[in-house]
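Encoded as structure tokens, the structure appears first; notes follow it.
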Amino acid sequence: MDNRRSSVPLRLLLLLLKLSVLTGISGNLNELSSSSSSSSSSSSSSSPTRCSVIINELQLAAEKVPNEFIELTTTCSLPLDLTPYSLVLWIADKNGRMTIKSKARFTTSKMTHRFLVIGHPAAIPIDGQFYSFDELDWHKNEKYYIDKGNKKTNALILYKNIPEHLHQVSNTSLNNDTAQTEKIVDWLFYASVGGNSHEIRNLLIPDYDVGADTGKHFRLMETDNSSVTPETKRSFGFCCDTERVAGRWPLGFKYSLATPGRENDCSNAAYRYALNEGLLTTTKIDRCEVDSLTQALKTSDKGHTKVIPIKTQVRPAATQDSGTARSLGIGLGIGFTVMAGLVLLAAAVQYNRKRRQRARLPFFPADDQF
């Protein structure tokens with residue numbers, strides 16, 4: 001009878017010990033699973049699959065060079081349905097008025113080539129897809145389709161999914177409603193002399209914050225004069241990898257010879273960046289490192305920009321593994337603590353049983369007889 005009774009606490013001890021160990025292991029497996037799931041989710045969100053249409057090149061007209069054009073490119077699979085997209089050219093004139101000068105809506109079009117050129121017939125690409133301005137009902141003034149205009153800021157905006165009736169040429173003023181900022185896919189501001197830019201920038205790209213308060217780096221300046229020829233006329237060509245920088249980045253444009261329907265000529269060292277003023281001429285940061293360059297250009301005295309060194313905080317690669325190991329250690333520590341407590345409890349029960357047995361004996365033998 002005593003042997004059966006004495007075996008009960010031992011069985012309970014073993015059962016509780018197994019439960020504590022299994023509980024600790026189960027909890028840590030859950031930690032590992034949760035950590036793995038979090039890591040997988042973080043990895044997939046940090047490298048999303050991009051599909052975008054980008055304003056890749058723009059050539060303005062000159063007195064002797066009428067072949068102005070807009071070139072689009074895409075990172076999407078082809079053919080791409082263009083019917084949700086539209087191009088709108090906003091202008092801010094010297095009187096402060098902001099209206100639509102031209103508009104093109106792709107009503108029945110598909111993008112079948114990597115490069116799509118919209119322009120004057122003289123700009124037909126050697127290898128690419130082409131639409132004339134007239135085919136897309138793009139408004140023309142007395143001489144040009146894309147007039148850079150004196151003392152005007154021009155904003156070429158690529159929209160997606162805007163109501164067809166919203167933007168009417170010459171009859172639509174720019175305001176918070178017509179700006180449709182949440183539906184802007186890409187944009188490019190340009191001018192020859194420039195002016196009246198503050199309000200149009202704030203309405204169309206309110207979140208763009210690169211450069212000093214009084215000198216944001218957003219507007220490309222066209223400097224070719226009336227003497228240029230078709231052989232010397234330059235265009236604005238986007239020179240960042242579109243898989244890394246999917247538009248909305250004027251600092252990535254170079255002022256180079258036009259390449260309609262082909263890769264932009266970005267490797268020629270003779271071609272400068274279109275935005276190449278102030279300390280942008282001396283910074284060593286890659287023009288396509290958007291986050292680094294944005295952080296580096298901060299406001300200094302008198303509204304000019306200065307380059308501030310960036311202290312990049314590199315997160316240790318083993319951070320998640322270390323957290324898992326720490327959780328595992330904590331779980332095992334709790335398991336061993338429970339086990340030690342159970343051992344002490346069993347010893348106390350055994351000691352108490354011996355005392356009760358001794359109390360029933362007629363004499364008290366020495367302790368070493370037990």
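Scheme for the structure tokens: letters A, B, ... for chains in order shown; per-chain residue numbers from 1; ligand numbers from 1 in order shown.
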Could you make a table, as a tab-separated table, of the residues of stretch 136-155 of chain A that have an atom within 7 Å of an atom of stretch 193-204 of chain A, each with its nearest atom pair and distance in Å to one decimal, counting only C-alpha atoms, in chain and number order?
```
residue	atom	partner	partner_atom	distance
A:Asn150	CA	A:Val193	CA	6.0
A:Lys151	CA	A:Gly194	CA	4.5
A:Lys152	CA	A:Gly194	CA	5.1
A:Thr153	CA	A:Gly194	CA	5.4
```
DSSP on the backbone, then: every residue of stretch 164-203 of chain A marked helix (DSSP H, G or I), written as a ChimeraX atom specification.
-> /A:176-179,181-183,198-203
Looking at A:Val88, A:Asp286, A:Leu82, A:Lys110, which one is nearest to A:Thr178, with distances taken over only C-alpha atoms?
->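 Closest to A:Thr178 of all the choices is A:Val88.
Residues with any atom within 9 Å of A:Pro250, counting only C-alpha atoms and excluding same-chain neighbours fewer than 4 positions away, are Trp187, Leu188, Phe189, His217, Phe218, Arg219, Leu220, Phe238, Ala274 and Leu275 of chain A.
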Contacts of A:Phe253 at 12 Å (only C-alpha atoms; same-chain gap of 4+ positions) as number ranges by chain = A: 55-58, 188-190, 217-221, 234-241, 245, 247-249, 264-266, 271-276, 287-288
Give me the residues within 8 Å of A:Asn154 as a PyMOL selection string, counting only C-alpha atoms and dropping any in the same chain fewer than 6 places off.
-> chain A and resi 89-92+148+189-191
Only all heavy atoms, please: the residues just picked out, written as a compact mmCIF listing (two decimals), in the first residue's frame.
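File produced: selection-v8.txt:
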```txt
# COMPACT_ATOMS: atom_id res chain seq x y z
N LEU A 89 -1.61 68.94 -69.65
CA LEU A 89 -0.59 69.97 -69.52
C LEU A 89 -1.21 71.19 -68.85
O LEU A 89 -2.03 71.90 -69.45
CB LEU A 89 -0.04 70.35 -70.90
CG LEU A 89 1.06 71.42 -70.91
CD1 LEU A 89 2.28 70.97 -70.11
CD2 LEU A 89 1.47 71.76 -72.35
N TRP A 90 -0.82 71.41 -67.59
CA TRP A 90 -1.26 72.59 -66.85
C TRP A 90 -0.24 73.70 -67.05
O TRP A 90 0.97 73.43 -67.15
CB TRP A 90 -1.35 72.29 -65.35
CG TRP A 90 -2.40 71.32 -64.93
CD1 TRP A 90 -2.23 69.98 -64.69
CD2 TRP A 90 -3.78 71.59 -64.66
NE1 TRP A 90 -3.41 69.41 -64.29
CE2 TRP A 90 -4.38 70.37 -64.25
CE3 TRP A 90 -4.56 72.75 -64.72
CZ2 TRP A 90 -5.72 70.28 -63.92
CZ3 TRP A 90 -5.90 72.66 -64.37
CH2 TRP A 90 -6.48 71.43 -63.98
N ILE A 91 -0.70 74.95 -67.07
CA ILE A 91 0.22 76.08 -67.14
C ILE A 91 -0.15 77.12 -66.07
O ILE A 91 -1.32 77.30 -65.75
CB ILE A 91 0.22 76.76 -68.53
CG1 ILE A 91 -1.18 77.30 -68.88
CG2 ILE A 91 0.73 75.81 -69.60
CD1 ILE A 91 -1.20 78.19 -70.10
N ALA A 92 0.88 77.73 -65.51
CA ALA A 92 0.69 78.86 -64.59
C ALA A 92 1.30 80.07 -65.28
O ALA A 92 2.53 80.14 -65.46
CB ALA A 92 1.37 78.59 -63.25
N LYS A 148 7.06 76.07 -74.42
CA LYS A 148 7.61 76.25 -73.07
C LYS A 148 7.16 77.56 -72.44
O LYS A 148 7.07 77.66 -71.23
CB LYS A 148 9.12 76.15 -73.10
CG LYS A 148 9.79 77.04 -74.14
CD LYS A 148 11.23 76.62 -74.33
CE LYS A 148 11.87 77.34 -75.51
NZ LYS A 148 13.20 76.82 -75.83
N PHE A 189 7.64 69.00 -64.39
CA PHE A 189 7.51 70.46 -64.48
C PHE A 189 8.67 70.99 -65.31
O PHE A 189 9.82 70.56 -65.15
CB PHE A 189 7.56 71.09 -63.09
CG PHE A 189 6.31 70.89 -62.26
CD1 PHE A 189 5.98 69.65 -61.76
CD2 PHE A 189 5.48 71.97 -61.98
CE1 PHE A 189 4.84 69.46 -60.99
CE2 PHE A 189 4.33 71.80 -61.22
CZ PHE A 189 4.01 70.54 -60.72
N TYR A 190 8.39 71.97 -66.18
CA TYR A 190 9.46 72.54 -67.00
C TYR A 190 9.13 73.99 -67.33
O TYR A 190 7.99 74.45 -67.22
CB TYR A 190 9.66 71.73 -68.28
CG TYR A 190 8.48 71.78 -69.22
CD1 TYR A 190 8.40 72.75 -70.22
CD2 TYR A 190 7.45 70.85 -69.11
CE1 TYR A 190 7.31 72.80 -71.08
CE2 TYR A 190 6.36 70.90 -69.97
CZ TYR A 190 6.30 71.87 -70.95
OH TYR A 190 5.22 71.93 -71.79
N ALA A 191 10.16 74.72 -67.75
CA ALA A 191 10.02 76.13 -68.12
C ALA A 191 11.25 76.56 -68.89
O ALA A 191 12.25 75.83 -68.97
CB ALA A 191 9.84 76.99 -66.88
```
List as a PDB file with C-alpha atoms, in the first residue's frame the protein and nucleic acid residues near A:Leu72, meaning an atom at most 9 Å away when only C-alpha atoms are counted, but skip any in the same chain fewer than 5 places from it.
```
ATOM      1  CA  VAL A  53       3.789  54.133 -66.699  1.00  0.00           C
ATOM      2  CA  ILE A  54       6.507  56.790 -66.662  1.00  0.00           C
ATOM      3  CA  ILE A  55       7.227  60.044 -68.513  1.00  0.00           C
ATOM      4  CA  ASN A  56      10.592  59.008 -69.932  1.00  0.00           C
ATOM      5  CA  GLU A  57      11.576  61.807 -72.300  1.00  0.00           C
ATOM      6  CA  ARG A 114       8.297  49.501 -74.286  1.00  0.00           C
ATOM      7  CA  PHE A 115       8.448  53.083 -75.596  1.00  0.00           C
ATOM      8  CA  LEU A 116       5.458  55.091 -76.751  1.00  0.00           C
ATOM      9  CA  VAL A 117       6.120  58.417 -78.501  1.00  0.00           C
ATOM     10  CA  ILE A 118       3.467  61.137 -78.800  1.00  0.00           C
ATOM     11  CA  GLY A 261      11.536  55.361 -79.219  1.00  0.00           C
TER      12      GLY A 261
END
```
Computed interatomic separation between atom CA of A:Phe106 and atom CA of A:Ala123 (Å) |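 Between these atoms lies a distance of 19.4 Å.
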Nearest candidate to A:Ala258 (options A:Ser192, A:Thr232, A:Thr74, A:Ser132; using only C-alpha atoms) =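 Looking only at the distances to A:Ala258, the closest residue turns out to be A:Thr232.
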Residue among A:Met111, A:Ile126, A:Val169, A:Val65 lying closest to A:Thr99, counting only C-alpha atoms =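 Checking each of A:Met111, A:Ile126, A:Val169, A:Val65 against A:Thr99, counting only C-alpha atoms, the winner is A:Val169.
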Apply DSSP to the structure's backbone, then extract all residues of stretch 186-301 of chain A labelled strand (DSSP E or B) and return them as a ChimeraX atom specification.
-> /A:186-191,211-212,215-216,219-221,234-238,253-257,272-273,297-299
N, CA, C and O atoms of the current selection, written as a CSV table (one decimal), in the first residue's frame:
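To be explicit, this is the file written out as part_5.csv:
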```
chain,number,residue,atom,x,y,z
A,186,ASP,N,2.6,60.1,-62.8
A,186,ASP,CA,3.9,60.7,-62.9
A,186,ASP,C,3.7,62.2,-63.3
A,186,ASP,O,2.6,62.6,-63.7
A,187,TRP,N,4.8,63.0,-63.2
A,187,TRP,CA,4.7,64.4,-63.5
A,187,TRP,C,6.1,64.9,-63.9
A,187,TRP,O,7.1,64.3,-63.6
A,188,LEU,N,6.0,66.0,-64.6
A,188,LEU,CA,7.3,66.7,-65.0
A,188,LEU,C,7.0,68.2,-65.2
A,188,LEU,O,6.2,68.6,-66.0
A,189,PHE,N,7.6,69.0,-64.4
A,189,PHE,CA,7.5,70.5,-64.5
A,189,PHE,C,8.7,71.0,-65.3
A,189,PHE,O,9.8,70.6,-65.1
A,190,TYR,N,8.4,72.0,-66.2
A,190,TYR,CA,9.5,72.5,-67.0
A,190,TYR,C,9.1,74.0,-67.3
A,190,TYR,O,8.0,74.4,-67.2
A,191,ALA,N,10.2,74.7,-67.8
A,191,ALA,CA,10.0,76.1,-68.1
A,191,ALA,C,11.3,76.6,-68.9
A,191,ALA,O,12.2,75.8,-69.0
A,211,GLY,N,14.9,69.8,-51.4
A,211,GLY,CA,15.5,71.1,-51.5
A,211,GLY,C,15.1,72.1,-50.5
A,211,GLY,O,14.4,71.7,-49.5
A,212,ALA,N,15.5,73.3,-50.6
A,212,ALA,CA,15.2,74.3,-49.6
A,212,ALA,C,13.8,74.8,-49.8
A,212,ALA,O,13.2,74.7,-50.9
A,215,GLY,N,13.6,77.1,-52.7
A,215,GLY,CA,14.2,76.6,-53.9
A,215,GLY,C,14.1,75.1,-54.1
A,215,GLY,O,15.1,74.4,-54.2
A,216,LYS,N,12.8,74.6,-54.2
A,216,LYS,CA,12.6,73.2,-54.4
A,216,LYS,C,13.2,72.7,-55.7
A,216,LYS,O,13.1,73.4,-56.7
A,219,ARG,N,11.6,71.8,-61.0
A,219,ARG,CA,11.3,72.3,-62.3
A,219,ARG,C,12.5,72.3,-63.2
A,219,ARG,O,13.6,72.8,-62.9
A,220,LEU,N,12.4,71.6,-64.4
A,220,LEU,CA,13.5,71.5,-65.4
A,220,LEU,C,13.5,72.8,-66.2
A,220,LEU,O,12.5,73.2,-66.7
A,221,MET,N,14.7,73.3,-66.4
A,221,MET,CA,14.8,74.6,-67.2
A,221,MET,C,15.4,74.3,-68.6
A,221,MET,O,16.4,73.7,-68.7
A,234,ARG,N,18.4,69.4,-77.8
A,234,ARG,CA,18.5,68.4,-76.7
A,234,ARG,C,17.1,68.2,-76.1
A,234,ARG,O,16.2,69.0,-76.3
A,235,SER,N,17.0,67.1,-75.3
A,235,SER,CA,15.7,66.8,-74.7
A,235,SER,C,16.0,66.5,-73.2
A,235,SER,O,17.1,66.3,-72.8
A,236,PHE,N,14.9,66.3,-72.4
A,236,PHE,CA,15.0,65.9,-71.1
A,236,PHE,C,14.8,64.4,-71.1
A,236,PHE,O,13.7,63.9,-71.4
A,237,GLY,N,15.8,63.6,-70.7
A,237,GLY,CA,15.7,62.1,-70.7
A,237,GLY,C,15.9,61.6,-69.3
A,237,GLY,O,16.9,61.9,-68.6
A,238,PHE,N,15.0,60.7,-68.9
A,238,PHE,CA,15.1,60.1,-67.5
A,238,PHE,C,16.2,59.1,-67.5
A,238,PHE,O,16.2,58.1,-68.3
A,253,PHE,N,16.7,63.4,-64.4
A,253,PHE,CA,16.7,63.7,-65.9
A,253,PHE,C,18.0,64.4,-66.3
A,253,PHE,O,18.5,65.2,-65.6
A,254,LYS,N,18.5,63.9,-67.4
A,254,LYS,CA,19.6,64.5,-68.0
A,254,LYS,C,19.2,65.3,-69.3
A,254,LYS,O,18.2,65.0,-69.9
A,255,TYR,N,20.0,66.3,-69.6
A,255,TYR,CA,19.8,67.2,-70.8
A,255,TYR,C,20.7,66.7,-71.9
A,255,TYR,O,21.9,67.0,-71.9
A,256,SER,N,20.1,65.9,-72.8
A,256,SER,CA,20.9,65.2,-73.8
A,256,SER,C,20.2,65.2,-75.1
A,256,SER,O,19.1,65.6,-75.3
A,257,LEU,N,20.9,64.7,-76.1
A,257,LEU,CA,20.3,64.6,-77.5
A,257,LEU,C,19.2,63.6,-77.4
A,257,LEU,O,19.2,62.6,-76.8
A,272,ARG,N,24.8,66.8,-69.0
A,272,ARG,CA,24.7,67.1,-67.6
A,272,ARG,C,23.2,66.8,-67.1
A,272,ARG,O,22.3,66.6,-67.9
A,273,TYR,N,23.1,66.8,-65.8
A,273,TYR,CA,21.7,66.6,-65.3
A,273,TYR,C,21.0,68.0,-65.4
A,273,TYR,O,21.6,69.0,-65.3
A,297,LEU,N,19.5,66.8,-48.7
A,297,LEU,CA,19.3,68.2,-49.0
A,297,LEU,C,18.3,68.8,-48.0
A,297,LEU,O,17.1,68.6,-48.0
A,298,LYS,N,18.9,69.6,-47.2
A,298,LYS,CA,18.1,70.3,-46.1
A,298,LYS,C,18.2,71.8,-46.2
A,298,LYS,O,19.2,72.3,-46.8
A,299,THR,N,17.3,72.4,-45.6
A,299,THR,CA,17.3,73.9,-45.6
A,299,THR,C,18.5,74.5,-44.8
A,299,THR,O,18.7,74.0,-43.7
```
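Note that the spacing between atom CA of A:Gly119 and atom CA of A:Glu68 amounts to 5.9 Å.
Across the model, the gap from atom CA of A:Thr83 to atom CA of A:Gln180 is 17.5 Å.
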